[in-house]
Structures are given as C-alpha cells and as structure tokens.
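**Q** Sharing start16.pdb below, PDB, C-alpha atoms:
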ATOM      1  CA  MET B   1     178.610  60.160  52.388
ATOM      2  CA  GLY B   2     178.024  56.608  53.579
ATOM      3  CA  ASN B   3     179.931  54.823  56.293
ATOM      4  CA  LEU B   4     183.256  53.496  55.030
ATOM      5  CA  ILE B   5     183.933  51.286  58.047
ATOM      6  CA  LYS B   6     181.757  48.190  57.833
ATOM      7  CA  LYS B   7     181.069  45.120  59.908
ATOM      8  CA  PRO B   8     182.196  41.807  58.394
ATOM      9  CA  SER B   9     178.584  40.953  57.464
ATOM     10  CA  GLU B  10     178.279  44.246  55.569
ATOM     11  CA  LEU B  11     181.267  43.583  53.322
ATOM     12  CA  GLU B  12     180.582  42.851  49.667
ATOM     13  CA  ALA B  13     181.182  39.227  48.750
ATOM     14  CA  LYS B  14     183.824  38.619  46.069
ATOM     15  CA  GLN B  15     182.032  37.873  42.821
ATOM     16  CA  THR B  16     185.032  36.902  40.698
ATOM     17  CA  ILE B  17     187.914  34.520  41.207
ATOM     18  CA  SER B  18     191.630  34.697  40.441
ATOM     19  CA  MET B  19     193.379  31.389  39.984
ATOM     20  CA  LEU B  20     196.644  29.780  38.881
ATOM     21  CA  ILE B  21     196.923  26.345  37.284
ATOM     22  CA  TYR B  22     200.411  24.907  36.831
ATOM     23  CA  GLY B  23     201.979  21.583  35.987
ATOM     24  CA  GLN B  24     204.019  19.670  33.416
ATOM     25  CA  PRO B  25     203.744  20.477  29.689
ATOM     26  CA  GLY B  26     201.114  18.342  27.972
ATOM     27  CA  VAL B  27     199.065  17.618  31.091
ATOM     28  CA  GLY B  28     196.036  19.513  29.728
ATOM     29  CA  LYS B  29     196.359  22.868  31.498
ATOM     30  CA  THR B  30     195.037  24.946  28.593
ATOM     31  CA  THR B  31     191.953  22.757  28.172
ATOM     32  CA  LEU B  32     191.410  22.963  31.917
ATOM     33  CA  GLY B  33     191.611  26.763  31.810
ATOM     34  CA  LEU B  34     189.078  26.845  28.987
ATOM     35  CA  SER B  35     186.610  24.920  31.183
ATOM     36  CA  ALA B  36     185.938  28.196  33.011
ATOM     37  CA  PRO B  37     182.654  29.976  32.235
ATOM     38  CA  ASP B  38     182.527  32.075  29.035
ATOM     39  CA  ALA B  39     186.304  32.211  28.694
ATOM     40  CA  VAL B  40     188.564  34.072  26.291
ATOM     41  CA  LEU B  41     192.084  32.705  25.922
ATOM     42  CA  PHE B  42     194.996  35.147  25.795
ATOM     43  CA  ASP B  43     197.363  32.804  23.950
ATOM     44  CA  TYR B  44     200.980  33.872  24.432
ATOM     45  CA  ASP B  45     202.382  30.370  24.013
ATOM     46  CA  GLY B  46     200.538  28.800  21.073
ATOM     47  CA  GLY B  47     198.540  26.618  23.458
ATOM     48  CA  ILE B  48     195.349  26.868  21.423
ATOM     49  CA  ASN B  49     197.028  24.922  18.604
ATOM     50  CA  ARG B  50     197.497  21.961  20.939
ATOM     51  CA  THR B  51     193.903  21.994  22.168
ATOM     52  CA  ASN B  52     191.121  19.726  20.915
ATOM     53  CA  GLY B  53     188.947  21.657  18.466
ATOM     54  CA  ALA B  54     185.827  20.892  20.476
ATOM     55  CA  HIS B  55     187.194  22.886  23.413
ATOM     56  CA  ARG B  56     188.346  26.001  21.568
ATOM     57  CA  GLY B  57     186.561  29.296  21.996
ATOM     58  CA  LEU B  58     187.276  33.020  21.898
ATOM     59  CA  THR B  59     191.029  33.477  21.556
ATOM     60  CA  VAL B  60     193.537  36.331  21.343
ATOM     61  CA  GLN B  61     196.669  35.170  19.521
ATOM     62  CA  VAL B  62     199.025  37.654  21.146
ATOM     63  CA  ARG B  63     201.818  38.974  18.948
ATOM     64  CA  SER B  64     202.925  41.919  21.109
ATOM     65  CA  TRP B  65     202.161  43.397  24.524
ATOM     66  CA  GLU B  66     200.057  46.055  22.805
ATOM     67  CA  ASP B  67     197.663  43.253  21.783
ATOM     68  CA  THR B  68     197.001  42.551  25.453
ATOM     69  CA  GLN B  69     195.786  46.050  26.257
ATOM     70  CA  ALA B  70     193.797  46.252  23.027
ATOM     71  CA  ALA B  71     192.095  42.931  23.835
ATOM     72  CA  LEU B  72     191.165  44.103  27.345
ATOM     73  CA  ASP B  73     189.597  47.226  25.857
ATOM     74  CA  GLU B  74     187.713  45.096  23.335
ATOM     75  CA  ILE B  75     186.368  42.838  26.088
ATOM     76  CA  LYS B  76     185.220  45.863  28.065
ATOM     77  CA  ASN B  77     183.504  47.561  25.124
ATOM     78  CA  GLU B  78     182.348  44.737  22.854
ATOM     79  CA  HIS B  79     182.168  41.432  24.769
ATOM     80  CA  PRO B  80     180.029  41.731  27.903
ATOM     81  CA  GLU B  81     179.396  37.981  27.655
ATOM     82  CA  VAL B  82     183.011  37.188  28.585
ATOM     83  CA  LYS B  83     183.275  36.159  32.223
ATOM     84  CA  THR B  84     186.813  34.714  32.375
ATOM     85  CA  ILE B  85     190.206  35.728  30.995
ATOM     86  CA  VAL B  86     192.666  32.836  30.663
ATOM     87  CA  ILE B  87     196.376  33.718  30.480
ATOM     88  CA  ASP B  88     198.430  30.995  28.736
ATOM     89  CA  THR B  89     201.143  31.098  29.946
ATOM     90  CA  ALA B  90     201.995  33.586  32.683
ATOM     91  CA  GLY B  91     205.704  33.112  32.005
ATOM     92  CA  LYS B  92     205.332  33.922  28.299
ATOM     93  CA  MET B  93     203.176  36.935  29.142
ATOM     94  CA  LEU B  94     206.103  38.288  31.158
ATOM     95  CA  ASP B  95     208.370  37.739  28.151
ATOM     96  CA  PHE B  96     206.070  39.948  26.067
ATOM     97  CA  MET B  97     206.218  42.583  28.810
ATOM     98  CA  SER B  98     210.019  42.416  28.773
ATOM     99  CA  GLU B  99     210.159  42.834  24.991
ATOM    100  CA  TYR B 100     207.805  45.823  25.193
ATOM    101  CA  ILE B 101     209.886  47.503  27.913
ATOM    102  CA  MET B 102     213.200  47.060  26.073
ATOM    103  CA  ARG B 103     211.688  48.088  22.724
ATOM    104  CA  ASN B 104     210.435  51.347  24.180
ATOM    105  CA  ASN B 105     213.415  52.112  26.408
ATOM    106  CA  THR B 106     216.808  50.734  25.393
ATOM    107  CA  ARG B 107     218.261  51.749  28.779
ATOM    108  CA  MET B 108     216.204  48.920  30.306
ATOM    109  CA  ARG B 109     218.159  46.378  28.252
ATOM    110  CA  LYS B 110     221.486  44.872  29.318
ATOM    111  CA  ASN B 111     224.190  43.910  26.837
ATOM    112  CA  ASP B 112     223.156  40.251  26.999
ATOM    113  CA  GLY B 113     219.647  41.131  25.800
ATOM    114  CA  THR B 114     217.921  40.718  29.159
ATOM    115  CA  LEU B 115     216.158  43.261  31.345
ATOM    116  CA  SER B 116     218.160  45.512  33.615
ATOM    117  CA  LEU B 117     217.379  45.581  37.322
ATOM    118  CA  GLN B 118     215.340  48.734  36.762
ATOM    119  CA  GLY B 119     213.561  46.985  33.907
ATOM    120  CA  TYR B 120     212.556  44.105  36.155
ATOM    121  CA  GLY B 121     211.126  46.628  38.592
ATOM    122  CA  LEU B 122     209.106  48.208  35.797
ATOM    123  CA  ARG B 123     207.869  44.796  34.652
ATOM    124  CA  LYS B 124     206.794  43.942  38.186
ATOM    125  CA  GLY B 125     204.696  47.112  38.268
ATOM    126  CA  MET B 126     203.152  46.301  34.874
ATOM    127  CA  PHE B 127     202.300  42.800  36.046
ATOM    128  CA  ILE B 128     200.569  43.987  39.220
ATOM    129  CA  ASP B 129     198.723  46.669  37.230
ATOM    130  CA  PHE B 130     197.472  44.014  34.808
ATOM    131  CA  ILE B 131     196.041  41.919  37.657
ATOM    132  CA  LYS B 132     194.300  44.965  39.102
ATOM    133  CA  GLN B 133     192.963  45.999  35.693
ATOM    134  CA  VAL B 134     191.328  42.610  35.136
ATOM    135  CA  GLY B 135     189.797  42.864  38.600
ATOM    136  CA  VAL B 136     188.312  46.263  37.782
ATOM    137  CA  LEU B 137     186.781  44.726  34.644
ATOM    138  CA  GLY B 138     184.901  42.312  36.920
ATOM    139  CA  ARG B 139     186.131  39.178  35.158
ATOM    140  CA  ASN B 140     187.558  35.957  36.519
ATOM    141  CA  VAL B 141     191.206  35.499  35.619
ATOM    142  CA  ILE B 142     193.018  32.175  35.333
ATOM    143  CA  PHE B 143     196.779  32.073  34.866
ATOM    144  CA  ILE B 144     198.382  28.979  33.398
ATOM    145  CA  ALA B 145     202.025  28.183  34.044
ATOM    146  CA  HIS B 146     204.473  25.367  33.536
ATOM    147  CA  GLU B 147     206.066  23.837  36.583
ATOM    148  CA  LYS B 148     209.721  24.173  37.492
ATOM    149  CA  GLU B 149     211.787  22.149  39.895
ATOM    150  CA  GLU B 150     213.746  23.732  42.716
ATOM    151  CA  LYS B 151     216.290  21.921  44.832
ATOM    152  CA  ARG B 152     215.842  22.127  48.589
ATOM    153  CA  GLY B 153     218.688  20.139  50.014
ATOM    154  CA  ASP B 154     218.334  16.643  48.595
ATOM    155  CA  GLU B 155     214.651  17.140  47.792
ATOM    156  CA  THR B 156     212.951  18.504  44.675
ATOM    157  CA  VAL B 157     210.085  20.986  45.067
ATOM    158  CA  LYS B 158     207.561  21.963  42.368
ATOM    159  CA  ARG B 159     206.873  25.659  41.783
ATOM    160  CA  PRO B 160     205.092  27.636  39.044
ATOM    161  CA  GLU B 161     207.463  28.969  36.387
ATOM    162  CA  ILE B 162     206.617  32.680  36.379
ATOM    163  CA  GLY B 163     209.843  34.622  36.240
ATOM    164  CA  GLY B 164     211.594  35.502  39.468
ATOM    165  CA  SER B 165     209.760  37.493  42.126
ATOM    166  CA  SER B 166     206.737  37.883  39.843
ATOM    167  CA  SER B 167     205.645  34.455  41.052
ATOM    168  CA  ASN B 168     205.323  35.746  44.612
ATOM    169  CA  ASP B 169     203.593  38.930  43.432
ATOM    170  CA  LEU B 170     201.026  36.880  41.556
ATOM    171  CA  VAL B 171     200.341  34.285  44.224
ATOM    172  CA  LYS B 172     199.595  36.981  46.818
ATOM    173  CA  GLU B 173     196.769  38.241  44.591
ATOM    174  CA  LEU B 174     195.177  34.842  43.948
ATOM    175  CA  ASP B 175     192.231  32.998  45.476
ATOM    176  CA  LEU B 176     193.274  29.528  44.310
ATOM    177  CA  VAL B 177     196.442  27.814  43.125
ATOM    178  CA  GLY B 178     196.124  24.312  41.699
ATOM    179  CA  TYR B 179     198.958  21.901  40.912
ATOM    180  CA  VAL B 180     198.062  19.530  38.053
ATOM    181  CA  GLN B 181     199.846  16.202  37.806
ATOM    182  CA  MET B 182     199.443  12.646  36.627
ATOM    183  CA  VAL B 183     198.916  10.086  39.375
ATOM    184  CA  GLY B 184     199.185   6.782  37.575
ATOM    185  CA  LYS B 185     196.882   7.218  34.593
ATOM    186  CA  GLU B 186     194.664   9.798  36.285
ATOM    187  CA  ARG B 187     194.967  13.566  36.104
ATOM    188  CA  THR B 188     194.552  15.318  39.430
ATOM    189  CA  ILE B 189     194.660  18.891  40.685
ATOM    190  CA  ALA B 190     195.812  19.683  44.215
ATOM    191  CA  PHE B 191     194.767  22.852  46.040
ATOM    192  CA  ASN B 192     196.323  22.283  49.465
ATOM    193  CA  PRO B 193     200.046  23.089  49.749
ATOM    194  CA  THR B 194     202.482  20.357  50.752
ATOM    195  CA  GLU B 195     206.224  20.200  51.249
ATOM    196  CA  TRP B 196     206.507  18.975  47.625
ATOM    197  CA  TYR B 197     204.509  21.615  45.741
ATOM    198  CA  TYR B 198     202.869  24.993  46.183
ATOM    199  CA  ALA B 199     199.085  25.374  46.214
ATOM    200  CA  LYS B 200     196.414  27.623  47.721
ATOM    201  CA  ASN B 201     192.867  26.839  48.820
ATOM    202  CA  THR B 202     190.524  29.572  50.071
ATOM    203  CA  CYS B 203     187.143  27.877  49.697
ATOM    204  CA  ASN B 204     187.521  24.498  51.402
ATOM    205  CA  LEU B 205     187.959  22.460  48.227
ATOM    206  CA  ALA B 206     189.065  18.867  48.578
ATOM    207  CA  PRO B 207     192.875  18.722  48.900
ATOM    208  CA  VAL B 208     193.196  16.683  45.696
ATOM    209  CA  ILE B 209     190.498  16.359  43.025
ATOM    210  CA  LYS B 210     190.444  13.928  40.122
ATOM    211  CA  ILE B 211     189.990  15.712  36.792
ATOM    212  CA  PRO B 212     187.349  13.925  34.677
ATOM    213  CA  VAL B 213     188.378  12.384  31.374
ATOM    214  CA  ILE B 214     186.669  14.318  28.575
ATOM    215  CA  VAL B 215     188.745  13.086  25.612
ATOM    216  CA  ASP B 216     189.569   9.406  25.124
ATOM    217  CA  ASP B 217     192.830   7.929  23.841
ATOM    218  CA  ASN B 218     191.603   8.290  20.260
ATOM    219  CA  GLY B 219     190.910  12.021  20.632
ATOM    220  CA  VAL B 220     187.137  11.549  20.781
ATOM    221  CA  VAL B 221     185.308  13.953  23.098
ATOM    222  CA  THR B 222     183.507  11.971  25.796
ATOM    223  CA  GLY B 223     182.537  14.641  28.326
ATOM    224  CA  THR B 224     181.746  18.303  28.901
ATOM    225  CA  ASN B 225     184.659  20.653  29.573
ATOM    226  CA  ASN B 226     183.249  22.345  32.685
ATOM    227  CA  PHE B 227     185.637  21.464  35.531
ATOM    228  CA  ILE B 228     186.664  25.037  36.442
ATOM    229  CA  ARG B 229     183.072  26.190  36.030
ATOM    230  CA  ARG B 230     182.178  23.797  38.863
ATOM    231  CA  ILE B 231     185.142  24.974  40.942
ATOM    232  CA  LEU B 232     183.950  28.559  40.556
ATOM    233  CA  ALA B 233     180.455  27.550  41.656
ATOM    234  CA  THR B 234     181.984  26.023  44.794
ATOM    235  CA  PHE B 235     183.950  29.215  45.437
ATOM    236  CA  LYS B 236     180.829  31.359  45.066
ATOM    237  CA  LYS B 237     178.882  29.063  47.404
ATOM    238  CA  SER B 238     181.708  29.329  49.940
ATOM    239  CA  GLN B 239     181.519  33.119  49.751
ATOM    240  CA  GLU B 240     177.752  33.072  50.240
ATOM    241  CA  ASP B 241     177.985  30.677  53.193
ATOM    242  CA  THR B 242     180.591  32.903  54.817
ATOM    243  CA  GLN B 243     178.296  35.924  54.449
ATOM    244  CA  VAL B 244     175.433  34.038  56.126
ATOM    245  CA  LEU B 245     177.592  32.857  59.034
ATOM    246  CA  THR B 246     179.154  36.294  59.481
ATOM    247  CA  ALA B 247     175.699  37.887  59.648
ATOM    248  CA  LYS B 248     174.732  35.413  62.389
ATOM    249  CA  TYR B 249     177.929  36.227  64.260
ATOM    250  CA  ASP B 250     177.330  39.977  64.091
ATOM    251  CA  LYS B 251     173.714  39.545  65.208
ATOM    252  CA  LEU B 252     174.774  37.489  68.222
ATOM    253  CA  MET B 253     177.470  39.978  69.227
ATOM    254  CA  ASP B 254     175.008  42.866  68.823
ATOM    255  CA  SER B 255     172.539  41.101  71.110
ATOM    256  CA  VAL B 256     175.241  40.711  73.774
ATOM    257  CA  ASP B 257     176.216  44.392  73.486
ATOM    258  CA  THR B 258     172.588  45.492  73.749
ATOM    259  CA  ALA B 259     171.983  43.385  76.851
ATOM    260  CA  LEU B 260     175.211  44.555  78.508
ATOM    261  CA  ALA B 261     174.335  48.204  77.975
ATOM    262  CA  SER B 262     171.653  48.057  80.660
ATOM    263  CA  VAL B 263     173.036  45.442  83.071
ATOM    264  CA  THR B 264     173.983  46.646  86.564
ATOM    265  CA  ASP B 265     174.495  43.546  88.704
ATOM    266  CA  ALA B 266     175.808  39.979  88.846
ATOM    267  CA  ALA B 267     172.368  38.497  88.213
ATOM    268  CA  GLY B 268     172.138  40.420  84.952
ATOM    269  CA  LEU B 269     175.602  39.277  83.853
ATOM    270  CA  ASN B 270     174.733  35.655  84.629
ATOM    271  CA  ALA B 271     171.521  35.925  82.633
ATOM    272  CA  ILE B 272     173.467  37.173  79.613
ATOM    273  CA  LEU B 273     176.057  34.441  80.102
ATOM    274  CA  ASP B 274     173.335  31.772  80.170
ATOM    275  CA  SER B 275     171.706  33.212  77.065
ATOM    276  CA  LEU B 276     175.043  33.200  75.248
ATOM    277  CA  ASP B 277     175.717  29.571  76.228
ATOM    278  CA  LYS B 278     172.371  28.489  74.754
ATOM    279  CA  ALA B 279     172.802  30.425  71.499
ATOM    280  CA  GLU B 280     173.929  28.807  68.243
ATOM    281  CA  GLN B 281     177.653  29.552  68.129
ATOM    282  CA  VAL B 282     179.428  30.904  65.062
ATOM    283  CA  TYR B 283     183.209  31.026  64.704
ATOM    284  CA  ASN B 284     184.582  32.196  68.093
ATOM    285  CA  SER B 285     181.316  33.795  69.237
ATOM    286  CA  LEU B 286     181.250  32.037  72.610
ATOM    287  CA  MET B 287     184.724  33.242  73.560
ATOM    288  CA  ALA B 288     184.149  36.730  72.139
ATOM    289  CA  GLY B 289     180.853  37.062  74.011
ATOM    290  CA  GLN B 290     182.396  35.872  77.259
ATOM    291  CA  GLN B 291     185.147  38.470  76.881
ATOM    292  CA  LYS B 292     182.563  41.214  76.447
ATOM    293  CA  ILE B 293     180.775  40.074  79.607
ATOM    294  CA  SER B 294     184.069  39.898  81.499
ATOM    295  CA  ARG B 295     184.975  43.470  80.549
ATOM    296  CA  LYS B 296     181.557  44.686  81.712
ATOM    297  CA  ALA B 297     182.002  42.820  85.008
ATOM    298  CA  LYS B 298     185.308  44.628  85.608
ATOM    299  CA  GLU B 299     183.624  47.967  84.960
ATOM    300  CA  LEU B 300     180.977  47.106  87.563
ATOM    301  CA  GLY B 301     183.465  45.658  90.043
ATOM    302  CA  ILE B 302     181.861  42.217  89.854
ATOM    303  CA  GLN B 303     184.016  39.087  90.157
ATOM    304  CA  PHE B 304     183.753  35.723  88.394
ATOM    305  CA  ASP B 305     183.801  32.647  90.627
ATOM    306  CA  GLN B 306     185.926  29.944  88.970
ATOM    307  CA  ILE B 307     184.274  27.137  90.964
ATOM    308  CA  SER B 308     180.628  27.939  90.281
ATOM    309  CA  HIS B 309     181.341  29.630  86.936
ATOM    310  CA  ARG B 310     179.019  32.437  87.979
ATOM    311  CA  TYR B 311     179.448  36.168  88.522
ATOM    312  CA  VAL B 312     179.180  37.240  92.162
ATOM    313  CA  ALA B 313     179.090  40.643  93.806
ATOM    314  CA  ALA B 314     182.421  41.707  95.284
TER     315      ALA B 314
END
If you convert what's in this file into structure tokens, what do you get?

**A**
Amino acid sequence: MGNLIKKPSELEAKQTISMLIYGQPGVGKTTLGLSAPDAVLFDYDGGINRTNGAHRGLTVQVRSWEDTQAALDEIKNEHPEVKTIVIDTAGKMLDFMSEYIMRNNTRMRKNDGTLSLQGYGLRKGMFIDFIKQVGVLGRNVIFIAHEKEEKRGDETVKRPEIGGSSSNDLVKELDLVGYVQMVGKERTIAFNPTEWYYAKNTCNLAPVIKIPVIVDDNGVVTGTNNFIRRILATFKKSQEDTQVLTAKYDKLMDSVDTALASVTDAAGLNAILDSLDKAEQVYNSLMAGQQKISRKAKELGIQFDQISHRYVAA
C-alpha cells in the first residue's frame, strides 16, 4: 500500500474545472457556457432555442430529472469526446429535482405545492451528489444562473439565483464564479468579488475581462466561440505553475532539513542560514527555513545575536 500522506509537490494537479456563470437574462450566458471545450448542454430552461445556430452543439433537452441521470450514463458510456457539461440553468435544475422528489414521495410536498423542510434537505443532498458525480466522470462542469438582487441596507447586491442554501453549497465546490454584465455596450465577466456582486477567482485571472463580440447586430457570426476554452487553458497553466513552484519549495526545505541533520555548532547553523539567504525563494521559504534553523539552534543551546544576525555559542 502506497503512502497516503503526500507533500504538496506530490499532490495530483486538478485536471478539470467547476465554474458558475451568472448575470441578467439575455446577456449571452448560454453561448458563453457553450464556448467551453467539447461541451454538452443540459438544457433545463430552453436556452438552446435562444442561441445562435452556429454555436449549438450536443444538447440534452431535459424533460424530467430522470433524463439527467440517463444523460450522465450516456456520456460515460458513449461519449468519451465530451469534456464539459453545461447546466442551464442551475435554478431550473433544482426545480426538476423538486418535482422528482415530490412525485416519488408525497410526504415531501406541502399543501401549497412546494417542498417540505425535509424535502429541501433531500434536494440539497441530491445537488451535492450531482456535483460529485460529474467530478468522478472527469468532466468540466459549468453552471449557468440568472442573477437576483438582494437588499443590504440601502444598497443592492447581485447574487446567483440558485434556490436558497443550494447557492452556498454550490459555490463552495467551485473553482471559478464569473459575473456577466453589460458595461456600456461591452459585455464583461468579473471573477474577483466586490461589495456589489459575488465572484470567485482561483487562478489569478484578471479581475474583469471583456468578452469578445462573436455575433454582430445583424446576427452574423464574426468570431470563434472559445472564450471559456481559453479560461480553462489559463486555469490549467495556473495549476501547472503551482506544481512547479511547490516542487521547488519542497526541494529547498528538504535541503535545509538534510543540512540541519548533521550540524552541531553555530558555524554550521550560520552556513545553512547563508545558503538559505542566497537560494531562490518560493512562497514563504525564507521564513520557513529560518524557523527550522531556529528550532535546531534551541536544541543545541545556541543563541541568535540580533545585532550581528548570526548564531553564537552560548
């Protein structure tokens, strides 16, 4: 049995991405979702019918929650080429879950036709299970949602419309959250959160990115629909860069540990300290290395002189 506890540099890099796109109706969220690589659209909201024909692709026109599970099985068994599952919209997907729950268990339905408290708990579990199931399939997943406005005192805040606490459950699982809006005549997507809207950025994307125009005012296609494909490439590059830097960090810390294992005096500690100072630093490597040296000095009863910044025998 292999070692289960791994150093950061030994961890497997995330190969897929989970993302939420939200904004006003008609701002082009469905088309944006379909710009992901080799996507299949799970259409709960009729969004495909409002999409330019040039940008349509594999689509599941969901009629019941059972269609969702059947489509996932079909992707697994018959469509290895699919790399991304696009959920349009997350709010409507939850409605299908609710209908399924109440259809199969009338006790989960209140007199007004809505879910009972226990039913909402069941739906929350189904929602989290769905996210995990897509992850096991090894596909990217992009959720699309409309925006809703929440009052915070006298101010209005934008949030994704995803049905109660399910919004928080979803966001915790995601790598990126992008808020799409019109700024003048330009479409933009924001990944850094502000006091006005929610967003999430885990791969150092620009805070706000202009979305290229790919269909002109006459409905003529003028560009390639590949915006999310490029975002995913940036995410993957960020993951790879992190792996490289983490490997350098671990190597530097290992070299400090190896040197400290045989040191017995102040001169040896100072030599390691000098070597650490000259090394290419990664993250907090300088501080972490200095702490290792300090702990070794305490074990040996050697003091650090704050004036000379050198270790001296007690």

**Q** Evaluate the PyMOL selection byres ((chain B and resi 84) around 12) here and jot the selected residues down as JSON, numbers by chain.

**A** {"B": [15, 16, 17, 18, 19, 33, 34, 35, 36, 37, 38, 39, 40, 41, 42, 57, 58, 59, 72, 75, 79, 80, 81, 82, 83, 85, 86, 87, 134, 135, 137, 138, 139, 140, 141, 142, 143, 228, 229, 232]}

**Q** Figure out the distance between atom CA of B:Glu161 and atom CA of B:Glu74, please, to one decimal in Å.

**A**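 Answer for the atom CA of B:Glu74 to atom CA of B:Glu161 separation: 28.6 Å.
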
**Q** Considering only C-alpha atoms, can you say which of B:Gln69, B:Asn201, B:Asn111, B:Thr194 comes closest to B:Gln133?

**A**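 Answer, going by the shortest atom-to-atom distance: B:Gln69.
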
**Q** Hey, can you check how far atom CA of B:Leu300 sits from atom CA of B:Ser285?

**A**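 Between these atoms lies a distance of 22.7 Å.
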
**Q** B:Phe191, B:Tyr311, B:Tyr197, B:Tyr179: which is nearest B:Ile144, counting all atoms listed in the file?

**A**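 Closest candidate: B:Tyr179.
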
**Q** As a PyMOL selection string, please: the residues near B:Ala199 (cut-off 10 Å, all atoms listed in the file, same-chain neighbours under 6 positions excluded).

**A** chain B and resi 20-22+158-160+171+176-179+189-193+207

**Q** Apply the PyMOL selection byres ((chain B and resi 297) around 10) to the displayed file and report the matching residues as a count of residues only.

**A** 22

**Q** Which one is closest to B:Met253: B:Ile211, B:Pro8, B:Asp129, B:Gly184? Count all atoms listed in the file.

**A** B:Pro8

**Q** Out of B:Asp67, B:Asp257, B:Glu280, B:Asp217, which residue has the shortest atom-to-atom distance to B:Lys185 when counting all atoms listed in the file?

**A** B:Asp217

**Q** Using only C-alpha atoms, determine which residues lie at most 7 Å from stretch 9-12 of chain B, disregarding the query and same-chain residues fewer than 5 positions distant; provide the list as number ranges by chain.

**A** B: 243, 246-247, 250

**Q** Would you mind listing what lies within 10 Å of B:Glu240 as a compact mmCIF listing (two decimals) with C-alpha atoms, in the coordinates of the input, with all atoms listed in the file counted and same-chain residues fewer than 5 positions away left out?

**A**
# COMPACT_ATOMS: atom_id res chain seq x y z
CA ALA B 13 181.18 39.23 48.75
CA LYS B 14 183.82 38.62 46.07
CA GLN B 15 182.03 37.87 42.82
CA THR B 234 181.98 26.02 44.79
CA PHE B 235 183.95 29.22 45.44
CA LEU B 245 177.59 32.86 59.03
CA THR B 246 179.15 36.29 59.48

**Q** The centre and edge lengths of an axis-aligned box containing all atoms of stretch 261-275 of chain B present in the file, extended by 4 Å on each side, are to be given in Å to one decimal, as lines of an AutoDock Vina configuration file.

**A**
center_x = 173.8
center_y = 40.0
center_z = 83.0
size_x = 12.5
size_y = 24.4
size_z = 19.8

**Q** Which distance in Å separates atom CA of B:Leu122 and atom CA of B:Val157, to one decimal?

**A**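 We find that atom CA of B:Leu122 and atom CA of B:Val157 lie 28.8 Å from each other.
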
**Q** Taking into account all atoms listed in the file, which residue in the set B:Ala90, B:Ile214, B:Val180, B:Met126 is nearest to B:Ala145?

**A**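 Nearest to B:Ala145: B:Ala90.
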
**Q** Pick the closest to B:Val136 from B:Lys148, B:Arg109, B:Arg123, B:Lys76: which is it, counting all atoms listed in the file?

**A** B:Lys76

**Q** Quick one: residues within 9 Å of (196.8, 38.1, 43.4) (file frame), counting only C-alpha atoms, please, as a list in words.

**A**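 Collected hits near the coordinates: Ser18, Met19, Ile128, Ile131, Lys132, Asn168, Asp169, Leu170, Val171, Lys172, Glu173, Leu174 and Asp175 of chain B.
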
**Q** Please identify all polymer residues within 12 Å of B:Gln118, counting only C-alpha atoms, omitting same-chain residues fewer than 4 positions from it, and present them as a VMD selection string.

**A** chain B and resid 98 101 to 102 105 to 110 114 122 to 125

**Q** Would you mind writing stretch 4-22 of chain B with N, CA and C atoms, as an mmCIF file, keeping the file's coordinate frame?

**A**
data_model
loop_
_atom_site.group_PDB
_atom_site.id
_atom_site.type_symbol
_atom_site.label_atom_id
_atom_site.label_comp_id
_atom_site.auth_asym_id
_atom_site.auth_seq_id
_atom_site.Cartn_x
_atom_site.Cartn_y
_atom_site.Cartn_z
ATOM 1 N N LEU B 4 182.208 54.264 55.695
ATOM 2 C CA LEU B 4 183.256 53.496 55.030
ATOM 3 C C LEU B 4 183.676 52.289 55.849
ATOM 4 N N ILE B 5 183.545 52.393 57.169
ATOM 5 C CA ILE B 5 183.933 51.286 58.047
ATOM 6 C C ILE B 5 182.730 50.374 58.234
ATOM 7 N N LYS B 6 182.882 49.120 57.842
ATOM 8 C CA LYS B 6 181.757 48.190 57.833
ATOM 9 C C LYS B 6 182.032 46.986 58.714
ATOM 10 N N LYS B 7 180.963 46.396 59.211
ATOM 11 C CA LYS B 7 181.069 45.120 59.908
ATOM 12 C C LYS B 7 181.352 44.021 58.877
ATOM 13 N N PRO B 8 181.916 42.899 59.340
ATOM 14 C CA PRO B 8 182.196 41.807 58.394
ATOM 15 C C PRO B 8 180.978 41.400 57.562
ATOM 16 N N SER B 9 179.784 41.376 58.187
ATOM 17 C CA SER B 9 178.584 40.953 57.464
ATOM 18 C C SER B 9 178.130 41.970 56.432
ATOM 19 N N GLU B 10 178.657 43.196 56.510
ATOM 20 C CA GLU B 10 178.279 44.246 55.569
ATOM 21 C C GLU B 10 179.224 44.326 54.378
ATOM 22 N N LEU B 11 180.307 43.566 54.417
ATOM 23 C CA LEU B 11 181.267 43.583 53.322
ATOM 24 C C LEU B 11 180.671 42.929 52.080
ATOM 25 N N GLU B 12 181.052 43.430 50.922
ATOM 26 C CA GLU B 12 180.582 42.851 49.667
ATOM 27 C C GLU B 12 181.319 41.544 49.398
ATOM 28 N N ALA B 13 180.570 40.516 49.069
ATOM 29 C CA ALA B 13 181.182 39.227 48.750
ATOM 30 C C ALA B 13 181.923 39.319 47.417
ATOM 31 N N LYS B 14 183.045 38.640 47.312
ATOM 32 C CA LYS B 14 183.824 38.619 46.069
ATOM 33 C C LYS B 14 183.054 37.852 45.007
ATOM 34 N N GLN B 15 182.827 38.476 43.867
ATOM 35 C CA GLN B 15 182.032 37.873 42.821
ATOM 36 C C GLN B 15 182.867 37.184 41.746
ATOM 37 N N THR B 16 184.150 37.505 41.694
ATOM 38 C CA THR B 16 185.032 36.902 40.698
ATOM 39 C C THR B 16 186.137 36.131 41.398
ATOM 40 N N ILE B 17 186.855 35.341 40.628
ATOM 41 C CA ILE B 17 187.914 34.520 41.207
ATOM 42 C C ILE B 17 189.200 34.705 40.402
ATOM 43 N N SER B 18 190.321 34.675 41.090
ATOM 44 C CA SER B 18 191.630 34.697 40.441
ATOM 45 C C SER B 18 192.333 33.394 40.805
ATOM 46 N N MET B 19 192.922 32.767 39.810
ATOM 47 C CA MET B 19 193.379 31.389 39.984
ATOM 48 C C MET B 19 194.625 31.142 39.152
ATOM 49 N N LEU B 20 195.480 30.247 39.632
ATOM 50 C CA LEU B 20 196.644 29.780 38.881
ATOM 51 C C LEU B 20 196.588 28.267 38.764
ATOM 52 N N ILE B 21 196.802 27.778 37.547
ATOM 53 C CA ILE B 21 196.923 26.345 37.284
ATOM 54 C C ILE B 21 198.327 26.109 36.747
ATOM 55 N N TYR B 22 199.083 25.183 37.364
ATOM 56 C CA TYR B 22 200.411 24.907 36.831
ATOM 57 C C TYR B 22 200.704 23.412 36.895
#
